[in-house]
$ cat coords-v5.cif   # mmCIF, C-alpha atoms
data_start
loop_
_atom_site.label_atom_id
_atom_site.label_comp_id
_atom_site.auth_asym_id
_atom_site.auth_seq_id
_atom_site.Cartn_x
_atom_site.Cartn_y
_atom_site.Cartn_z
CA MET A 22 -1.29 -13.99 16.28
CA ALA A 23 1.74 -14.58 18.47
CA LYS A 24 3.05 -11.64 20.47
CA GLY A 25 6.60 -10.45 20.03
CA LYS A 26 6.79 -11.28 16.34
CA TYR A 27 7.44 -7.70 15.24
CA LEU A 28 10.93 -6.29 14.89
CA LYS A 29 11.34 -2.82 16.38
CA GLY A 30 12.05 -0.20 13.74
CA ALA A 31 11.20 -2.46 10.81
CA SER A 32 8.25 -1.84 8.54
CA ARG A 33 5.70 -4.64 8.81
CA ARG A 34 5.25 -4.30 5.07
CA SER A 35 8.97 -5.00 4.65
CA LEU A 36 8.73 -8.00 6.95
CA LEU A 37 5.91 -9.42 4.90
CA LYS A 38 7.90 -9.03 1.70
CA GLN A 39 10.91 -10.75 3.26
CA PHE A 40 9.30 -13.57 5.20
CA GLY A 41 5.68 -13.85 4.07
CA ALA A 42 2.49 -13.22 6.01
CA ALA A 43 2.93 -16.25 8.24
CA ALA A 44 6.03 -14.69 9.79
CA VAL A 45 3.95 -12.11 11.62
CA GLY A 46 0.87 -14.24 12.06
CA ILE A 47 -1.48 -12.06 9.99
CA SER A 48 -3.51 -12.91 6.92
CA PHE A 49 -3.05 -10.32 4.16
CA ALA A 50 -5.23 -12.11 1.63
CA GLY A 51 -7.57 -9.93 -0.41
CA GLY A 52 -10.61 -11.73 0.99
CA LEU A 53 -11.45 -13.27 4.32
CA ALA A 54 -11.23 -16.94 3.45
CA GLY A 55 -8.77 -18.91 5.52
CA CYS A 56 -8.67 -16.32 8.33
CA SER A 57 -10.59 -18.26 10.96
CA ARG A 58 -9.33 -18.18 14.52
CA ALA A 59 -9.88 -20.38 17.52
CA SER A 60 -12.19 -17.81 19.12
CA SER A 61 -15.89 -18.12 18.23
CA ARG A 62 -16.17 -14.31 18.18
CA THR A 63 -14.31 -12.44 15.47
CA VAL A 64 -13.83 -8.95 14.06
CA ASN A 65 -12.76 -8.67 10.42
CA PHE A 66 -10.51 -5.59 10.30
CA HIS A 67 -9.51 -4.13 6.90
CA ASN A 68 -6.77 -1.54 7.37
CA TRP A 69 -3.79 0.13 5.71
CA ALA A 70 -0.41 -1.63 5.91
CA THR A 71 2.04 -0.77 8.74
CA TYR A 72 -0.86 0.79 10.64
CA ILE A 73 -1.38 -1.10 13.92
CA GLY A 74 0.57 -1.72 17.11
CA PRO A 75 2.71 -4.84 17.47
CA THR A 76 0.47 -6.40 20.16
CA THR A 77 -2.80 -4.49 19.66
CA LEU A 78 -4.77 -7.38 18.18
CA ASP A 79 -3.54 -9.92 20.70
CA ASP A 80 -4.20 -7.50 23.56
CA PHE A 81 -7.76 -6.95 22.32
CA GLN A 82 -8.37 -10.70 22.15
CA GLU A 83 -6.93 -11.18 25.65
CA ALA A 84 -9.17 -8.39 27.02
CA THR A 85 -12.38 -9.42 25.26
CA GLY A 86 -12.10 -12.97 23.95
CA ILE A 87 -12.72 -11.61 20.44
CA SER A 88 -10.16 -12.50 17.77
CA VAL A 89 -9.27 -10.26 14.82
CA ASN A 90 -8.88 -11.25 11.17
CA TYR A 91 -6.57 -8.60 9.76
CA THR A 92 -6.35 -7.74 6.04
CA ASN A 93 -4.92 -4.77 4.16
CA PHE A 94 -5.76 -2.40 1.33
CA ALA A 95 -3.40 -0.01 -0.47
CA SER A 96 -5.59 2.99 -1.39
CA ASN A 97 -8.96 4.56 -0.72
CA ASP A 98 -9.88 3.84 -4.34
CA GLU A 99 -9.21 0.14 -3.72
CA LEU A 100 -11.25 0.15 -0.51
CA PHE A 101 -14.19 1.86 -2.18
CA ALA A 102 -14.11 -0.56 -5.10
CA ALA A 103 -14.08 -3.54 -2.71
CA LEU A 104 -17.31 -2.33 -1.09
CA ARG A 105 -19.05 -1.06 -4.22
CA ALA A 106 -20.74 -4.39 -4.93
CA GLY A 107 -21.52 -5.05 -1.26
CA ASN A 108 -19.60 -5.77 1.92
CA PRO A 109 -17.43 -8.88 1.42
CA GLY A 110 -17.38 -9.47 5.17
CA TYR A 111 -15.57 -6.56 6.81
CA ASP A 112 -16.52 -5.35 10.29
CA VAL A 113 -14.20 -2.35 10.65
CA ILE A 114 -12.53 -0.35 7.87
CA VAL A 115 -10.24 2.71 7.86
CA PRO A 116 -11.17 5.16 5.07
CA SER A 117 -9.74 8.68 4.88
CA ASN A 118 -11.90 11.71 5.55
CA GLU A 119 -13.39 12.40 2.10
CA TYR A 120 -14.09 8.70 1.60
CA VAL A 121 -16.07 8.66 4.83
CA THR A 122 -18.35 11.20 3.15
CA ARG A 123 -18.38 9.31 -0.13
CA MET A 124 -19.17 5.97 1.50
CA ALA A 125 -21.83 7.46 3.76
CA ASP A 126 -23.49 9.13 0.76
CA ALA A 127 -23.41 5.78 -1.03
CA GLN A 128 -25.04 4.11 2.01
CA MET A 129 -22.03 1.89 2.53
CA LEU A 130 -21.58 2.76 6.23
CA MET A 131 -23.51 1.90 9.38
CA GLU A 132 -24.36 4.67 11.83
CA LEU A 133 -22.28 4.25 14.97
CA ASP A 134 -23.88 3.71 18.37
CA HIS A 135 -21.87 6.16 20.49
CA SER A 136 -23.17 4.55 23.68
CA LEU A 137 -21.00 1.54 22.78
CA ILE A 138 -17.90 3.74 22.34
CA PRO A 139 -17.35 5.37 25.76
CA ASN A 140 -13.66 5.91 24.94
CA LYS A 141 -14.80 8.64 22.59
CA ALA A 142 -14.25 10.76 25.71
CA ASN A 143 -10.49 10.32 25.16
CA LEU A 144 -10.53 12.30 21.92
CA LEU A 145 -9.07 15.79 21.71
CA PRO A 146 -11.87 18.37 21.44
CA GLU A 147 -11.02 19.27 17.84
CA PHE A 148 -11.69 15.68 16.76
CA LEU A 149 -15.08 15.22 18.42
CA ASP A 150 -16.78 16.56 15.30
CA ALA A 151 -15.77 16.67 11.64
CA GLY A 152 -16.93 18.67 8.65
CA PHE A 153 -16.76 15.51 6.52
CA ASP A 154 -18.92 13.60 9.06
CA PRO A 155 -21.04 16.00 11.16
CA GLY A 156 -21.71 14.60 14.60
CA ARG A 157 -19.39 11.67 13.92
CA ARG A 158 -22.40 9.66 12.77
CA TYR A 159 -20.27 7.19 10.79
CA SER A 160 -16.66 7.54 11.93
CA MET A 161 -14.25 7.79 14.82
CA PRO A 162 -10.79 9.29 14.17
CA TYR A 163 -7.86 6.85 14.16
CA THR A 164 -4.96 9.10 13.10
CA TRP A 165 -4.34 12.40 11.38
CA LEU A 166 -1.61 12.95 8.84
CA VAL A 167 -0.14 15.05 6.06
CA VAL A 168 1.47 14.24 2.70
CA GLY A 169 4.98 15.48 1.99
CA VAL A 170 8.31 14.62 0.41
CA GLY A 171 10.62 11.95 1.75
CA TYR A 172 14.12 11.96 0.30
CA ARG A 173 17.57 10.48 0.61
CA LYS A 174 19.96 13.23 1.72
CA SER A 175 23.07 11.67 0.18
CA ARG A 176 21.43 11.63 -3.26
CA MET A 177 20.57 15.33 -3.32
CA PRO A 178 22.68 17.77 -5.42
CA SER A 179 24.41 19.14 -2.30
CA PRO A 180 24.42 18.48 1.45
CA THR A 181 22.24 21.54 2.04
CA PHE A 182 19.74 20.93 -0.76
CA VAL A 183 16.12 20.41 0.35
CA PRO A 184 13.50 19.43 -2.28
CA ASP A 185 10.90 21.78 -0.83
CA SER A 186 8.60 22.02 -3.86
CA TRP A 187 6.22 19.60 -5.52
CA ARG A 188 7.96 20.60 -8.75
CA TYR A 189 10.74 18.06 -8.15
CA LEU A 190 8.23 15.21 -8.29
CA LEU A 191 5.56 16.55 -10.66
CA ASP A 192 7.24 18.88 -13.14
CA SER A 193 10.99 18.32 -13.37
CA ASN A 194 13.54 15.90 -14.80
CA GLN A 195 16.08 16.59 -12.04
CA PHE A 196 15.55 13.19 -10.42
CA THR A 197 14.54 11.30 -13.52
CA GLY A 198 13.88 7.62 -12.91
CA ARG A 199 14.30 8.10 -9.14
CA ILE A 200 10.85 9.48 -8.27
CA ALA A 201 7.80 7.77 -6.73
CA VAL A 202 4.42 9.47 -6.34
CA LEU A 203 1.12 8.38 -4.83
CA GLY A 204 -1.05 6.10 -6.94
CA ASP A 205 -4.23 7.49 -5.34
CA SER A 206 -6.00 9.43 -8.09
CA ALA A 207 -7.60 12.15 -5.96
CA ASP A 208 -4.54 12.85 -3.81
CA LEU A 209 -2.17 13.01 -6.79
CA ILE A 210 -4.40 15.40 -8.74
CA ARG A 211 -5.14 17.59 -5.73
CA LEU A 212 -1.46 17.93 -4.85
CA SER A 213 -0.78 18.85 -8.47
CA ALA A 214 -3.39 21.60 -8.11
CA LYS A 215 -1.69 22.75 -4.92
CA TYR A 216 1.61 22.95 -6.81
CA LYS A 217 -0.11 25.14 -9.40
CA GLY A 218 -1.29 27.54 -6.70
CA HIS A 219 -4.89 26.36 -6.40
CA SER A 220 -6.80 24.91 -3.48
CA VAL A 221 -6.97 21.11 -3.36
CA ASN A 222 -10.73 21.50 -3.71
CA GLY A 223 -12.84 22.99 -6.48
CA VAL A 224 -10.19 22.40 -9.15
CA PRO A 225 -11.62 23.79 -12.44
CA ASP A 226 -11.79 21.66 -15.57
CA ALA A 227 -9.20 23.78 -17.39
CA MET A 228 -6.67 23.18 -14.61
CA LEU A 229 -7.49 19.47 -14.54
CA SER A 230 -6.57 19.32 -18.22
CA GLU A 231 -3.29 21.14 -17.48
CA ILE A 232 -2.54 18.72 -14.64
CA GLU A 233 -3.23 15.70 -16.83
CA GLN A 234 -0.86 16.94 -19.51
CA MET A 235 1.79 17.86 -16.92
CA LEU A 236 1.70 14.39 -15.39
CA ILE A 237 1.77 12.70 -18.77
CA ARG A 238 4.91 14.74 -19.58
CA GLN A 239 6.37 13.84 -16.20
CA LYS A 240 5.58 10.14 -16.40
CA PRO A 241 8.86 9.11 -18.15
CA HIS A 242 10.74 10.56 -15.15
CA ILE A 243 8.63 8.70 -12.55
CA LYS A 244 9.83 5.31 -11.35
CA ALA A 245 6.55 4.32 -9.70
CA PHE A 246 3.02 5.37 -8.88
CA HIS A 247 3.26 3.57 -5.58
CA GLU A 248 0.56 1.74 -3.66
CA ASP A 249 1.26 2.75 -0.06
CA ASP A 250 4.84 1.45 -0.17
CA GLY A 251 6.77 4.60 -1.05
CA GLN A 252 8.92 4.40 2.07
CA ASP A 253 10.00 0.89 1.13
CA LEU A 254 11.14 2.13 -2.29
CA LEU A 255 13.12 4.86 -0.54
CA LEU A 256 14.64 2.49 2.03
CA SER A 257 15.65 -0.02 -0.64
CA GLY A 258 17.35 2.66 -2.74
CA GLU A 259 15.01 2.18 -5.71
CA VAL A 260 14.07 5.87 -5.57
CA ASP A 261 15.64 8.99 -4.08
CA ILE A 262 12.55 11.15 -3.63
CA VAL A 263 8.99 10.12 -2.85
CA MET A 264 5.53 11.58 -2.25
CA GLU A 265 4.48 9.90 0.97
CA TYR A 266 2.62 10.24 4.26
CA ASN A 267 4.52 11.70 7.19
CA GLY A 268 4.22 8.71 9.50
CA ASP A 269 5.64 6.33 6.91
CA ILE A 270 8.69 8.55 6.53
CA ALA A 271 9.02 8.91 10.32
CA GLN A 272 9.10 5.09 10.48
CA SER A 273 11.77 5.04 7.76
CA ILE A 274 13.99 7.58 9.53
CA ARG A 275 14.15 5.19 12.51
CA ASP A 276 15.71 2.66 10.14
CA ASP A 277 17.90 4.95 8.03
CA ALA A 278 19.37 8.31 9.13
CA ASP A 279 20.04 9.25 5.50
CA ILE A 280 16.30 9.80 4.96
CA ALA A 281 14.68 13.18 5.58
CA TRP A 282 11.30 14.86 5.16
CA VAL A 283 9.87 18.19 4.07
CA ILE A 284 6.45 19.71 3.50
CA PRO A 285 6.67 21.60 0.19
CA SER A 286 6.43 25.38 0.23
CA GLU A 287 3.23 25.28 -1.84
CA GLY A 288 1.42 23.39 0.93
CA THR A 289 -0.14 19.98 1.07
CA LEU A 290 -3.04 17.71 1.98
CA GLN A 291 -4.04 16.99 5.55
CA ASN A 292 -6.07 13.83 6.16
CA GLN A 293 -7.79 11.92 8.90
CA ASP A 294 -7.98 8.16 8.73
CA CYS A 295 -11.14 6.97 10.43
CA LEU A 296 -12.65 3.86 11.97
CA CYS A 297 -15.98 2.94 10.35
CA ILE A 298 -18.35 -0.03 10.31
CA PRO A 299 -19.59 -0.91 6.82
CA ASN A 300 -23.19 -1.89 6.24
CA GLN A 301 -23.86 -5.61 6.47
CA ALA A 302 -20.95 -6.01 8.89
CA PRO A 303 -21.28 -9.57 10.18
CA HIS A 304 -20.34 -8.66 13.78
CA PRO A 305 -21.51 -5.08 14.47
CA GLU A 306 -21.52 -5.30 18.27
CA ASP A 307 -18.00 -6.69 18.37
CA ALA A 308 -16.98 -4.08 15.79
CA HIS A 309 -18.10 -1.35 18.20
CA ALA A 310 -16.14 -3.05 20.99
CA PHE A 311 -13.03 -3.09 18.79
CA ILE A 312 -13.35 0.60 17.88
CA ASN A 313 -13.81 1.43 21.55
CA TYR A 314 -10.67 -0.56 22.38
CA LEU A 315 -8.61 1.27 19.75
CA LEU A 316 -9.63 4.56 21.41
CA ASP A 317 -8.32 3.40 24.79
CA GLY A 318 -5.37 5.49 25.94
CA GLN A 319 -2.92 2.62 26.47
CA ALA A 320 -3.92 0.88 23.25
CA GLY A 321 -3.71 4.14 21.31
CA ALA A 322 -0.24 4.86 22.68
CA GLY A 323 0.98 1.43 21.58
CA ILE A 324 -0.32 2.08 18.08
CA ALA A 325 1.17 5.59 17.89
CA GLU A 326 4.56 4.40 19.13
CA GLU A 327 4.72 1.80 16.36
CA ILE A 328 3.25 3.64 13.38
CA GLN A 329 4.58 7.16 14.13
CA TYR A 330 1.41 8.97 13.05
CA ALA A 331 -0.25 11.77 15.00
CA THR A 332 -2.96 10.55 17.35
CA PRO A 333 -6.26 12.38 17.91
CA ASN A 334 -6.44 10.61 21.28
CA SER A 335 -5.59 12.87 24.22
CA ALA A 336 -5.18 9.96 26.65
CA ALA A 337 -2.81 8.20 24.26
CA ARG A 338 -0.76 11.30 23.53
CA ASP A 339 -0.31 11.96 27.26
CA LEU A 340 1.37 8.54 27.55
CA MET A 341 3.80 9.15 24.69
CA PRO A 342 7.46 10.18 25.16
CA GLU A 343 8.50 13.76 24.53
CA ASP A 344 10.50 12.86 21.42
CA TYR A 345 7.23 11.73 19.80
CA LYS A 346 5.19 14.74 20.88
CA SER A 347 7.91 17.17 19.74
CA ASN A 348 8.65 15.41 16.43
CA THR A 349 7.76 17.94 13.71
CA ILE A 350 7.47 15.17 11.13
CA VAL A 351 4.65 13.60 13.16
CA TYR A 352 3.26 16.95 14.34
CA PRO A 353 3.99 19.67 11.74
CA THR A 354 4.53 23.22 12.98
CA PRO A 355 1.65 25.73 13.03
CA ALA A 356 3.22 27.52 10.04
CA GLU A 357 3.28 24.23 8.09
CA LEU A 358 -0.28 23.33 9.08
CA ALA A 359 -1.43 26.75 7.86
CA ARG A 360 -0.44 25.58 4.35
CA CYS A 361 -2.42 22.33 4.65
CA GLU A 362 -5.98 21.61 3.53
CA TYR A 363 -8.40 18.74 3.90
CA GLY A 364 -9.66 17.32 0.62
CA ALA A 365 -13.46 17.35 0.43
CA PHE A 366 -15.67 14.84 -1.37
CA GLU A 367 -17.12 16.74 -4.32
CA GLY A 368 -19.49 14.13 -5.66
CA ASP A 369 -19.25 10.82 -7.51
CA GLU A 370 -18.91 12.54 -10.87
CA LYS A 371 -15.77 14.41 -9.76
CA ALA A 372 -14.37 11.26 -8.15
CA ARG A 373 -14.90 9.29 -11.37
CA LEU A 374 -13.31 12.12 -13.35
CA TYR A 375 -10.17 11.91 -11.17
CA GLU A 376 -10.06 8.14 -11.67
CA GLU A 377 -10.43 8.56 -15.45
CA ILE A 378 -7.65 11.14 -15.55
CA PHE A 379 -5.36 8.84 -13.60
CA THR A 380 -6.22 5.93 -15.90
CA ARG A 381 -5.19 8.01 -18.93
CA ILE A 382 -1.95 9.07 -17.22
CA SER A 383 -1.17 5.43 -16.36
CA ALA A 384 -1.84 4.32 -19.94
CA ALA A 385 0.17 7.13 -21.59
#
$ encode --input "coords-v5.cif" --output "structure tokens"
Amino acid sequence: MAKGKYLKGASRRSLLKQFGAAAVGISFAGGLAGCSRASSRTVNFHNWATYIGPTTLDDFQEATGISVNYTNFASNDELFAALRAGNPGYDVIVPSNEYVTRMADAQMLMELDHSLIPNKANLLPEFLDAGFDPGRRYSMPYTWLVVGVGYRKSRMPSPTFVPDSWRYLLDSNQFTGRIAVLGDSADLIRLSAKYKGHSVNGVPDAMLSEIEQMLIRQKPHIKAFHEDDGQDLLLSGEVDIVMEYNGDIAQSIRDDADIAWVIPSEGTLQNQDCLCIPNQAPHPEDAHAFINYLLDGQAGAGIAEEIQYATPNSAARDLMPEDYKSNTIVYPTPAELARCEYGAFEGDEKARLYEEIFTRISAA
């Protein structure tokens, strides 16, 4: 992967669409075939799109002699499905918090050897443990994030209008045909529950039925159930309002000052995306070395600068400029965070129920 191939302020996902994977020197194939590198040591890294620094992988290879095969997935559901039948060859993956629990329960994840991850010491105290992974047996935090509403200011009803409710995406025809929402079944249903005044967890069956019917009614007004590319739909003008992660919208605002962001008044989901090693990883020792490298302060700062997500890494945050640390899109205010909740894994049966509900909504 040649250094300097990234364009500052441009989404890597957009670059791939425009020029193809070869333009940035990364394989985005669904599998790992054809990803061999000159180095005899390799880490197969399966990550979200637009979620790595511009030189991180090259810098790791220069420091260690270990190359990185880099592939992408679009949702936690997709990642889980890829590993359900066995590890296709991944060394490091990046599931969100509840999927760390789900994958650990399903014996998909390897226990981490913390002695091989000394840069764990760089983590902020609040990230050294996690309710979804007690003792950090299976995961190290990569980023933390919230879901909110990105929107195009010039397409709102007035210059002062702020779409500060989930209603505009989930239960209204005001922006008909100009709406995109997440295609992740659990997140979409949980945010619908939040809109209805319930916690994102423990949603009762009666409310799930109400949510399903609400989203089926809303479907004719929705342009897309997007697969981790909501900011691209907003940037291209295909939609005017989108349910999206804060860092993706922060990236978009660098490209287009007409885009803005709000956390709805009802509250939202807070997530952690985590670094894990799946069982049967072909290169577990090198996978630990890669995770340790990503938790280095300088490496973490390079990632945070590019992807505009909040870092759990104290050493990395200390290296960041003030306009990053004070950006309330990246770091929501205490009042906003008080309205946020982590989604908890509530068992395979509930997860399958969410997937079935989403399938019926998609087919309606």
$ residues_around --input "coords-v5.cif" --residues "region 369-371 of chain A" --least-positions-apart "3" --cutoff "8 Å" --atoms "only C-alpha atoms" --output "ChimeraX atom specification"
/A:123,374-375
$ resolve_selection --input "coords-v5.cif" --expression "the PyMOL selection byres ((chain A and resi 211-223) around 10)" --output "count of residues only"
41
$ atom_distance --input "coords-v5.cif" --atom1 "CA of Arg158 (chain A)" --atom2 "CA of Met124 (chain A)"
12.3 Å
$ atom_distance --input "coords-v5.cif" --atom1 "CA of Asp80 (chain A)" --atom2 "CA of Ala322 (chain A)"
13.0 Å
$ resolve_selection --input "coords-v5.cif" --expression "the PyMOL selection byres ((chain A and resi 293) around 10)" --output "PyMOL selection string"
chain A and resi 115-119+121+148+151+153+161-167+291-292+294-296+331-333+363
$ write_last_selection --input "coords-v5.cif" --atoms "C-alpha atoms" --output "PDB file, in the frame of the given file"
ATOM      1  CA  VAL A 115     -10.240   2.710   7.860  1.00  0.00           C
ATOM      2  CA  PRO A 116     -11.170   5.160   5.070  1.00  0.00           C
ATOM      3  CA  SER A 117      -9.740   8.680   4.880  1.00  0.00           C
ATOM      4  CA  ASN A 118     -11.900  11.710   5.550  1.00  0.00           C
ATOM      5  CA  GLU A 119     -13.390  12.400   2.100  1.00  0.00           C
ATOM      6  CA  VAL A 121     -16.070   8.660   4.830  1.00  0.00           C
ATOM      7  CA  PHE A 148     -11.690  15.680  16.760  1.00  0.00           C
ATOM      8  CA  ALA A 151     -15.770  16.670  11.640  1.00  0.00           C
ATOM      9  CA  PHE A 153     -16.760  15.510   6.520  1.00  0.00           C
ATOM     10  CA  MET A 161     -14.250   7.790  14.820  1.00  0.00           C
ATOM     11  CA  PRO A 162     -10.790   9.290  14.170  1.00  0.00           C
ATOM     12  CA  TYR A 163      -7.860   6.850  14.160  1.00  0.00           C
ATOM     13  CA  THR A 164      -4.960   9.100  13.100  1.00  0.00           C
ATOM     14  CA  TRP A 165      -4.340  12.400  11.380  1.00  0.00           C
ATOM     15  CA  LEU A 166      -1.610  12.950   8.840  1.00  0.00           C
ATOM     16  CA  VAL A 167      -0.140  15.050   6.060  1.00  0.00           C
ATOM     17  CA  GLN A 291      -4.040  16.990   5.550  1.00  0.00           C
ATOM     18  CA  ASN A 292      -6.070  13.830   6.160  1.00  0.00           C
ATOM     19  CA  ASP A 294      -7.980   8.160   8.730  1.00  0.00           C
ATOM     20  CA  CYS A 295     -11.140   6.970  10.430  1.00  0.00           C
ATOM     21  CA  LEU A 296     -12.650   3.860  11.970  1.00  0.00           C
ATOM     22  CA  ALA A 331      -0.250  11.770  15.000  1.00  0.00           C
ATOM     23  CA  THR A 332      -2.960  10.550  17.350  1.00  0.00           C
ATOM     24  CA  PRO A 333      -6.260  12.380  17.910  1.00  0.00           C
ATOM     25  CA  TYR A 363      -8.400  18.740   3.900  1.00  0.00           C
TER      26      TYR A 363
END
$ closest_residue --input "coords-v5.cif" --among "A:Gly268, A:Gly110, A:Gly156, A:Gly204" --to "Val170 (chain A)" --atoms "only C-alpha atoms"
A:Gly268
